[in-house]
Amino acid sequence: MQRLTEFLIGLLFGLGLMLAGMTDPGKVLGFLDLAGSWDPSLAFVMGGAIGVGFFAFALARRRTQAFLGGAIELPARRDIDRPLVLGSLVFGVGWGLAGLCPGPALVAAGAGHWQAWLFVAAMLAGMAAHDFAPLSSNDVLPEHRP
Amino acid sequence: MTIDWMHFTPWTSLAGGLLIGLAVALFLLLNGRVLGISGIAGGLLRARKGDAGWRLAFLAGLLVAPAVWALFRAPVVPRFDAGWPLLVVAGLLVGWGTRHGSGCTSGHGVCGLSRLSPRSLVATLAFMGAGFATVFVLRHWVA
(Lines give C-alpha, C1' and ligand atoms only; values in the text may rest on other atoms or scores of the structure.)
Protein backbone atom coordinates (compact mmCIF):
# COMPACT_ATOMS: atom_id res chain seq x y z
CA MET A 1 0.00 0.00 0.00
CA GLN A 2 2.77 2.45 0.94
CA ARG A 3 4.77 1.62 -2.21
CA LEU A 4 1.66 2.21 -4.31
CA THR A 5 0.91 5.63 -2.77
CA GLU A 6 4.55 6.66 -3.17
CA PHE A 7 4.41 5.69 -6.84
CA LEU A 8 1.09 7.49 -7.43
CA ILE A 9 2.23 10.61 -5.59
CA GLY A 10 5.42 10.66 -7.69
CA LEU A 11 3.22 10.41 -10.77
CA LEU A 12 0.93 13.21 -9.56
CA PHE A 13 3.93 15.40 -8.79
CA GLY A 14 5.37 14.70 -12.25
CA LEU A 15 2.08 15.56 -13.97
CA GLY A 16 1.92 18.77 -11.93
CA LEU A 17 5.43 19.74 -13.07
CA MET A 18 4.46 19.09 -16.70
CA LEU A 19 1.21 21.07 -16.52
CA ALA A 20 3.05 23.90 -14.76
CA GLY A 21 5.60 24.12 -17.57
CA MET A 22 8.57 23.27 -15.33
CA THR A 23 9.75 20.41 -17.56
CA ASP A 24 10.52 22.85 -20.38
CA PRO A 25 13.95 24.37 -19.63
CA GLY A 26 13.16 27.20 -22.05
CA LYS A 27 10.21 28.25 -19.88
CA VAL A 28 12.27 28.06 -16.67
CA LEU A 29 14.99 30.22 -18.24
CA GLY A 30 12.28 32.62 -19.40
CA PHE A 31 11.34 33.06 -15.74
CA LEU A 32 14.95 33.47 -14.61
CA ASP A 33 15.63 36.08 -17.30
CA LEU A 34 14.41 39.17 -15.45
CA ALA A 35 16.26 41.58 -17.73
CA GLY A 36 14.94 40.06 -20.94
CA SER A 37 11.42 39.22 -21.99
CA TRP A 38 10.18 37.91 -18.64
CA ASP A 39 7.73 35.01 -18.27
CA PRO A 40 6.31 35.23 -14.70
CA SER A 41 4.51 31.84 -14.93
CA LEU A 42 6.71 30.05 -12.43
CA ALA A 43 5.70 32.49 -9.70
CA PHE A 44 2.18 31.10 -10.17
CA VAL A 45 3.52 27.55 -9.81
CA MET A 46 5.16 28.45 -6.50
CA GLY A 47 2.06 30.32 -5.35
CA GLY A 48 -0.27 27.41 -6.13
CA ALA A 49 2.01 24.79 -4.56
CA ILE A 50 2.66 26.78 -1.39
CA GLY A 51 -1.02 27.71 -1.13
CA VAL A 52 -1.86 24.02 -0.72
CA GLY A 53 1.34 23.03 1.10
CA PHE A 54 0.87 25.61 3.82
CA PHE A 55 -2.33 23.95 5.04
CA ALA A 56 -0.84 20.46 4.76
CA PHE A 57 2.08 21.38 7.02
CA ALA A 58 -0.24 23.22 9.44
CA LEU A 59 -2.27 20.00 9.74
CA ALA A 60 0.85 17.82 9.97
CA ARG A 61 2.15 19.83 12.93
CA ARG A 62 -0.86 18.73 14.99
CA ARG A 63 -0.20 15.08 14.30
CA THR A 64 2.65 12.72 15.07
CA GLN A 65 1.44 9.85 12.88
CA ALA A 66 0.83 9.81 9.14
CA PHE A 67 -2.53 8.48 7.93
CA LEU A 68 -0.89 5.31 6.62
CA GLY A 69 0.66 4.63 10.01
CA GLY A 70 4.29 5.76 9.91
CA ALA A 71 5.72 8.68 11.85
CA ILE A 72 5.57 12.18 10.35
CA GLU A 73 9.18 13.24 9.95
CA LEU A 74 9.67 17.00 9.83
CA PRO A 75 13.07 18.68 9.62
CA ALA A 76 14.02 20.17 12.97
CA ARG A 77 16.98 22.40 12.15
CA ARG A 78 16.58 26.17 12.20
CA ASP A 79 20.20 27.35 12.01
CA ILE A 80 21.49 29.15 8.94
CA ASP A 81 24.93 27.70 8.21
CA ARG A 82 27.55 27.97 5.51
CA PRO A 83 26.79 24.72 3.64
CA LEU A 84 23.13 25.76 3.32
CA VAL A 85 24.00 29.05 1.64
CA LEU A 86 26.98 27.83 -0.40
CA GLY A 87 25.15 24.71 -1.60
CA SER A 88 22.06 26.68 -2.59
CA LEU A 89 24.12 29.26 -4.49
CA VAL A 90 25.94 26.50 -6.41
CA PHE A 91 22.60 24.81 -7.15
CA GLY A 92 21.19 28.12 -8.42
CA VAL A 93 24.09 28.59 -10.83
CA GLY A 94 23.52 25.10 -12.26
CA TRP A 95 19.78 25.77 -12.49
CA GLY A 96 20.43 28.99 -14.41
CA LEU A 97 22.91 27.33 -16.79
CA ALA A 98 20.52 24.66 -18.07
CA GLY A 99 17.05 25.56 -16.78
CA LEU A 100 16.70 22.18 -15.08
CA CYS A 101 16.28 21.30 -11.41
CA PRO A 102 16.12 17.71 -10.08
CA GLY A 103 12.37 16.96 -10.35
CA PRO A 104 11.71 18.33 -13.85
CA ALA A 105 15.00 16.78 -15.08
CA LEU A 106 13.79 13.31 -14.02
CA VAL A 107 10.39 13.84 -15.67
CA ALA A 108 12.03 15.08 -18.89
CA ALA A 109 14.29 12.00 -18.75
CA GLY A 110 11.15 9.87 -18.49
CA ALA A 111 9.94 11.53 -21.69
CA GLY A 112 13.09 10.20 -23.38
CA HIS A 113 15.06 13.40 -24.01
CA TRP A 114 18.79 12.59 -24.12
CA GLN A 115 19.65 16.04 -22.78
CA ALA A 116 17.71 15.25 -19.62
CA TRP A 117 19.40 11.83 -19.20
CA LEU A 118 22.81 13.46 -19.57
CA PHE A 119 21.88 16.10 -17.01
CA VAL A 120 20.52 13.48 -14.57
CA ALA A 121 23.69 11.37 -14.92
CA ALA A 122 25.85 14.43 -14.19
CA MET A 123 23.55 15.37 -11.29
CA LEU A 124 23.89 11.93 -9.69
CA ALA A 125 27.67 12.15 -10.18
CA GLY A 126 27.64 15.54 -8.46
CA MET A 127 25.60 14.13 -5.58
CA ALA A 128 27.98 11.18 -5.26
CA ALA A 129 30.99 13.51 -5.38
CA HIS A 130 29.47 15.36 -2.45
CA ASP A 131 28.28 12.40 -0.41
CA PHE A 132 31.41 10.28 -0.80
CA ALA A 133 33.92 13.10 -0.45
CA PRO A 134 36.11 12.88 2.64
CA LEU A 135 35.13 15.39 5.32
CA SER A 136 31.86 16.26 3.61
CA SER A 137 29.18 17.90 5.68
CA ASN A 138 27.51 14.49 5.79
CA ASP A 139 30.02 13.46 8.44
CA VAL A 140 28.37 15.98 10.71
CA LEU A 141 24.84 15.63 9.35
CA PRO A 142 24.00 11.98 8.75
CA GLU A 143 20.51 12.78 7.49
CA HIS A 144 19.56 14.86 4.48
CA ARG A 145 17.03 17.37 5.78
CA PRO A 146 15.83 20.46 3.99
CA MET B 1 11.57 44.64 -17.60
CA THR B 2 9.08 43.53 -20.26
CA ILE B 3 6.57 40.72 -19.82
CA ASP B 4 6.72 37.83 -22.26
CA TRP B 5 2.96 37.67 -22.88
CA MET B 6 3.39 35.07 -25.61
CA HIS B 7 4.72 32.41 -23.24
CA PHE B 8 2.95 33.55 -20.06
CA THR B 9 0.61 30.77 -18.85
CA PRO B 10 -0.87 31.90 -15.53
CA TRP B 11 -3.75 29.40 -15.39
CA THR B 12 -2.01 26.18 -16.38
CA SER B 13 0.98 27.12 -14.23
CA LEU B 14 -1.30 27.82 -11.27
CA ALA B 15 -3.13 24.52 -11.86
CA GLY B 16 0.21 22.68 -12.09
CA GLY B 17 1.28 24.35 -8.87
CA LEU B 18 -1.92 23.17 -7.15
CA LEU B 19 -1.19 19.58 -8.29
CA ILE B 20 2.36 19.90 -6.98
CA GLY B 21 0.97 21.18 -3.68
CA LEU B 22 -1.51 18.30 -3.56
CA ALA B 23 1.33 15.79 -4.08
CA VAL B 24 3.30 17.47 -1.29
CA ALA B 25 0.24 17.34 1.00
CA LEU B 26 -0.49 13.67 0.27
CA PHE B 27 3.13 12.61 0.70
CA LEU B 28 3.30 14.41 4.03
CA LEU B 29 -0.02 13.28 5.45
CA LEU B 30 -0.13 9.71 4.06
CA ASN B 31 3.53 8.75 4.09
CA GLY B 32 4.85 11.20 6.67
CA ARG B 33 7.64 12.56 4.51
CA VAL B 34 8.78 15.90 3.13
CA LEU B 35 8.68 15.77 -0.66
CA GLY B 36 12.15 16.88 -1.74
CA ILE B 37 13.46 15.41 -4.97
CA SER B 38 17.18 15.93 -4.35
CA GLY B 39 16.82 14.26 -0.95
CA ILE B 40 14.79 11.35 -2.31
CA ALA B 41 17.16 10.75 -5.25
CA GLY B 42 20.40 11.53 -3.41
CA GLY B 43 19.42 9.30 -0.50
CA LEU B 44 19.57 6.33 -2.86
CA LEU B 45 23.33 6.64 -3.13
CA ARG B 46 23.86 5.55 0.46
CA ALA B 47 20.49 4.01 1.24
CA ARG B 48 20.42 1.53 4.11
CA LYS B 49 18.49 -1.70 3.77
CA GLY B 50 14.77 -0.96 3.68
CA ASP B 51 15.29 2.72 2.85
CA ALA B 52 15.49 2.36 -0.94
CA GLY B 53 12.06 0.95 -1.85
CA TRP B 54 9.99 4.07 -1.20
CA ARG B 55 12.52 6.24 -3.01
CA LEU B 56 12.46 4.01 -6.10
CA ALA B 57 8.64 3.83 -6.07
CA PHE B 58 8.39 7.62 -5.99
CA LEU B 59 11.02 8.14 -8.69
CA ALA B 60 9.34 5.53 -10.92
CA GLY B 61 6.17 7.62 -10.67
CA LEU B 62 8.09 10.70 -11.86
CA LEU B 63 9.59 8.81 -14.80
CA VAL B 64 6.27 7.44 -16.07
CA ALA B 65 4.50 10.82 -15.80
CA PRO B 66 5.16 11.71 -19.49
CA ALA B 67 3.63 8.39 -20.65
CA VAL B 68 0.48 8.98 -18.58
CA TRP B 69 0.37 12.62 -19.72
CA ALA B 70 0.43 11.45 -23.37
CA LEU B 71 -2.91 9.65 -22.81
CA PHE B 72 -4.65 12.99 -22.27
CA ARG B 73 -2.67 15.80 -23.83
CA ALA B 74 -0.12 16.53 -26.54
CA PRO B 75 3.46 15.92 -25.36
CA VAL B 76 5.42 18.81 -23.84
CA VAL B 77 8.09 19.94 -26.31
CA PRO B 78 11.01 21.13 -24.19
CA ARG B 79 13.40 23.79 -25.46
CA PHE B 80 16.97 22.86 -24.51
CA ASP B 81 19.24 25.87 -25.02
CA ALA B 82 22.25 24.21 -23.42
CA GLY B 83 24.56 21.92 -25.41
CA TRP B 84 26.11 18.81 -23.86
CA PRO B 85 29.11 20.44 -22.13
CA LEU B 86 26.85 22.97 -20.40
CA LEU B 87 24.36 20.22 -19.44
CA VAL B 88 27.16 18.23 -17.79
CA VAL B 89 28.49 21.22 -15.86
CA ALA B 90 24.97 22.27 -14.84
CA GLY B 91 24.12 18.73 -13.70
CA LEU B 92 27.28 18.46 -11.59
CA LEU B 93 26.58 21.83 -9.94
CA VAL B 94 22.92 20.99 -9.28
CA GLY B 95 23.85 17.59 -7.82
CA TRP B 96 26.63 18.87 -5.56
CA GLY B 97 24.78 22.04 -4.60
CA THR B 98 21.49 20.41 -3.64
CA ARG B 99 23.29 17.88 -1.44
CA HIS B 100 25.49 20.51 0.21
CA GLY B 101 22.53 22.83 0.71
CA SER B 102 20.20 19.99 1.80
CA GLY B 103 17.47 20.60 -0.76
CA CYS B 104 16.25 21.93 -4.07
CA THR B 105 13.22 23.68 -5.54
CA SER B 106 10.80 21.14 -4.05
CA GLY B 107 12.31 20.54 -0.61
CA HIS B 108 13.26 24.14 0.16
CA GLY B 109 11.20 26.12 -2.35
CA VAL B 110 7.83 24.41 -1.95
CA CYS B 111 7.92 22.39 1.29
CA GLY B 112 10.24 24.66 3.25
CA LEU B 113 8.38 27.85 2.42
CA SER B 114 5.05 26.07 3.10
CA ARG B 115 6.16 25.34 6.65
CA LEU B 116 7.73 28.78 7.07
CA SER B 117 11.23 27.41 7.65
CA PRO B 118 13.84 30.18 7.95
CA ARG B 119 16.52 27.83 6.57
CA SER B 120 14.47 27.16 3.46
CA LEU B 121 13.70 30.85 2.97
CA VAL B 122 17.44 31.60 2.96
CA ALA B 123 18.13 28.65 0.63
CA THR B 124 15.35 29.67 -1.77
CA LEU B 125 16.53 33.29 -1.90
CA ALA B 126 20.08 32.00 -2.53
CA PHE B 127 19.27 29.64 -5.41
CA MET B 128 16.75 31.99 -7.01
CA GLY B 129 19.23 34.86 -6.75
CA ALA B 130 22.02 32.72 -8.21
CA GLY B 131 19.67 31.55 -10.98
CA PHE B 132 18.67 35.11 -11.91
CA ALA B 133 22.32 36.23 -11.85
CA THR B 134 23.51 33.28 -13.96
CA VAL B 135 20.91 33.83 -16.67
CA PHE B 136 21.68 37.55 -16.66
CA VAL B 137 25.39 36.91 -17.23
CA LEU B 138 24.75 34.20 -19.81
CA ARG B 139 22.14 36.06 -21.86
CA HIS B 140 23.12 39.71 -21.48
CA TRP B 141 26.90 39.70 -20.99
CA VAL B 142 28.23 36.63 -22.74
CA ALA B 143 25.70 36.28 -25.53
# chains A, B, ... in the order shown; residues from 1 in each chain; ligands from 1

$ residues_around --residues "A:Gly103" --least-positions-apart "2" --cutoff "8 Å" --atoms "only C-alpha atoms" --output "ChimeraX atom specification"
/A:14,17,101,105-107 /B:37-38,62,106

$ residues_around --residues "stretch 67-79 of chain B" --least-positions-apart "5" --cutoff "6 Å" --atoms "only C-alpha atoms" --output "PyMOL selection string"
chain A and resi 24-26

$ write_last_selection --atoms "C-alpha atoms" --output "tab-separated table (two decimals), in the first residue's frame"
chain	number	residue	atom	x	y	z
A	24	ASP	CA	10.52	22.85	-20.38
A	25	PRO	CA	13.95	24.37	-19.63
A	26	GLY	CA	13.16	27.20	-22.05

$ residues_around --residues "B:Phe58" --least-positions-apart "3" --cutoff "9 Å" --atoms "only C-alpha atoms" --output "short mmCIF file (atom, residue, chain, number, x, y, z; two decimals) with N, CA and C atoms, in the first residue's frame"
data_model
loop_
_atom_site.label_atom_id
_atom_site.label_comp_id
_atom_site.auth_asym_id
_atom_site.auth_seq_id
_atom_site.Cartn_x
_atom_site.Cartn_y
_atom_site.Cartn_z
N ARG A 3 4.03 1.51 -0.94
CA ARG A 3 4.77 1.62 -2.21
C ARG A 3 3.87 2.18 -3.29
N LEU A 4 2.59 1.75 -3.28
CA LEU A 4 1.66 2.21 -4.31
C LEU A 4 1.40 3.71 -4.16
N THR A 5 1.18 4.19 -2.94
CA THR A 5 0.91 5.63 -2.77
C THR A 5 2.15 6.43 -3.15
N GLU A 6 3.33 5.93 -2.80
CA GLU A 6 4.55 6.66 -3.17
C GLU A 6 4.67 6.78 -4.69
N PHE A 7 4.37 5.68 -5.37
CA PHE A 7 4.41 5.69 -6.84
C PHE A 7 3.40 6.69 -7.40
N LEU A 8 2.16 6.62 -6.90
CA LEU A 8 1.09 7.49 -7.43
C LEU A 8 1.35 8.96 -7.11
N ILE A 9 1.93 9.22 -5.94
CA ILE A 9 2.23 10.61 -5.59
C ILE A 9 3.37 11.13 -6.46
N GLY A 10 4.35 10.27 -6.76
CA GLY A 10 5.42 10.66 -7.69
C GLY A 10 4.84 10.99 -9.06
N LEU A 11 3.88 10.18 -9.48
CA LEU A 11 3.22 10.41 -10.77
C LEU A 11 2.46 11.74 -10.76
N ILE B 40 15.29 12.69 -1.98
CA ILE B 40 14.79 11.35 -2.31
C ILE B 40 15.77 10.64 -3.25
N GLY B 53 13.29 1.29 -1.16
CA GLY B 53 12.06 0.95 -1.85
C GLY B 53 11.15 2.15 -2.09
N TRP B 54 10.90 2.93 -1.05
CA TRP B 54 9.99 4.07 -1.20
C TRP B 54 10.56 5.12 -2.13
N ARG B 55 11.89 5.26 -2.11
CA ARG B 55 12.52 6.24 -3.01
C ARG B 55 12.33 5.81 -4.47
N GLY B 61 7.35 6.81 -10.38
CA GLY B 61 6.17 7.62 -10.67
C GLY B 61 6.53 8.85 -11.49
N LEU B 62 7.63 9.52 -11.11
CA LEU B 62 8.09 10.70 -11.86
C LEU B 62 8.42 10.32 -13.30
N LEU B 63 9.12 9.20 -13.47
CA LEU B 63 9.59 8.81 -14.80
C LEU B 63 8.45 8.40 -15.73
#

$ closest_residue --among "A:Leu97, A:Gln2, A:Arg77, A:Pro104" --to "A:Leu19" --atoms "only C-alpha atoms"
A:Pro104

$ residues_around --residues "B:Gly39" --least-positions-apart "4" --cutoff "12 Å" --atoms "only C-alpha atoms" --output "PyMOL selection string"
(chain A and resi 102-103+124+127+131+143-146) or (chain B and resi 33-35+43-47+52+55+58-59+95-108)

$ residues_around --residues "stretch 117-133 of chain B" --least-positions-apart "6" --cutoff "8 Å" --atoms "only C-alpha atoms" --output "ChimeraX atom specification"
/A:32-34,77-80,84-85,88-97,146 /B:101,105,108-109

$ closest_residue --among "B:Trp5, B:Leu26, B:Gly16, B:Leu116" --to "chain A" --atoms "only C-alpha atoms"
B:Gly16

$ atom_distance --atom1 "atom CA of B:Gly91" --atom2 "atom CA of A:Pro40"
24.3 Å

$ closest_residue --among "B:Gly50, B:Gly32, B:Trp84, B:Val142" --to "chain A" --atoms "only C-alpha atoms"
B:Gly32

$ residues_around --residues "stretch 58-71 of chain A" --least-positions-apart "6" --cutoff "7 Å" --atoms "only C-alpha atoms" --output "PyMOL selection string"
chain B and resi 29-32

$ select_by_dssp --residues "stretch 46-107 of chain B" --states "alpha helix (DSSP H)" --output "count of residues only"
34

$ residues_around --residues "A:Phe119" --least-positions-apart "2" --cutoff "7 Å" --atoms "only C-alpha atoms" --output "VMD selection string"
(chain A and resid 115 to 117 121 to 123) or (chain B and resid 87 to 88 91)

$ write_last_selection --atoms "N, CA and C atoms" --output "mmCIF file, in the first residue's frame"
data_model
loop_
_atom_site.group_PDB
_atom_site.id
_atom_site.type_symbol
_atom_site.label_atom_id
_atom_site.label_comp_id
_atom_site.auth_asym_id
_atom_site.auth_seq_id
_atom_site.Cartn_x
_atom_site.Cartn_y
_atom_site.Cartn_z
ATOM 1 N N GLN A 115 19.070 14.944 -23.559
ATOM 2 C CA GLN A 115 19.655 16.040 -22.779
ATOM 3 C C GLN A 115 19.344 15.872 -21.286
ATOM 4 N N ALA A 116 18.121 15.434 -21.006
ATOM 5 C CA ALA A 116 17.715 15.254 -19.616
ATOM 6 C C ALA A 116 18.452 14.071 -18.980
ATOM 7 N N TRP A 117 18.645 12.986 -19.736
ATOM 8 C CA TRP A 117 19.397 11.833 -19.202
ATOM 9 C C TRP A 117 20.836 12.222 -18.886
ATOM 10 N N ALA A 121 22.462 12.129 -15.209
ATOM 11 C CA ALA A 121 23.686 11.366 -14.925
ATOM 12 C C ALA A 121 24.721 12.267 -14.249
ATOM 13 N N ALA A 122 24.892 13.489 -14.781
ATOM 14 C CA ALA A 122 25.845 14.426 -14.189
ATOM 15 C C ALA A 122 25.402 14.825 -12.785
ATOM 16 N N MET A 123 24.091 14.988 -12.604
ATOM 17 C CA MET A 123 23.551 15.374 -11.294
ATOM 18 C C MET A 123 23.843 14.289 -10.256
ATOM 19 N N LEU B 87 25.258 21.121 -20.179
ATOM 20 C CA LEU B 87 24.362 20.221 -19.441
ATOM 21 C C LEU B 87 25.133 19.437 -18.383
ATOM 22 N N VAL B 88 26.349 19.000 -18.742
ATOM 23 C CA VAL B 88 27.159 18.227 -17.793
ATOM 24 C C VAL B 88 27.580 19.114 -16.615
ATOM 25 N N GLY B 91 24.527 19.893 -14.482
ATOM 26 C CA GLY B 91 24.122 18.732 -13.699
ATOM 27 C C GLY B 91 25.022 18.518 -12.489
#
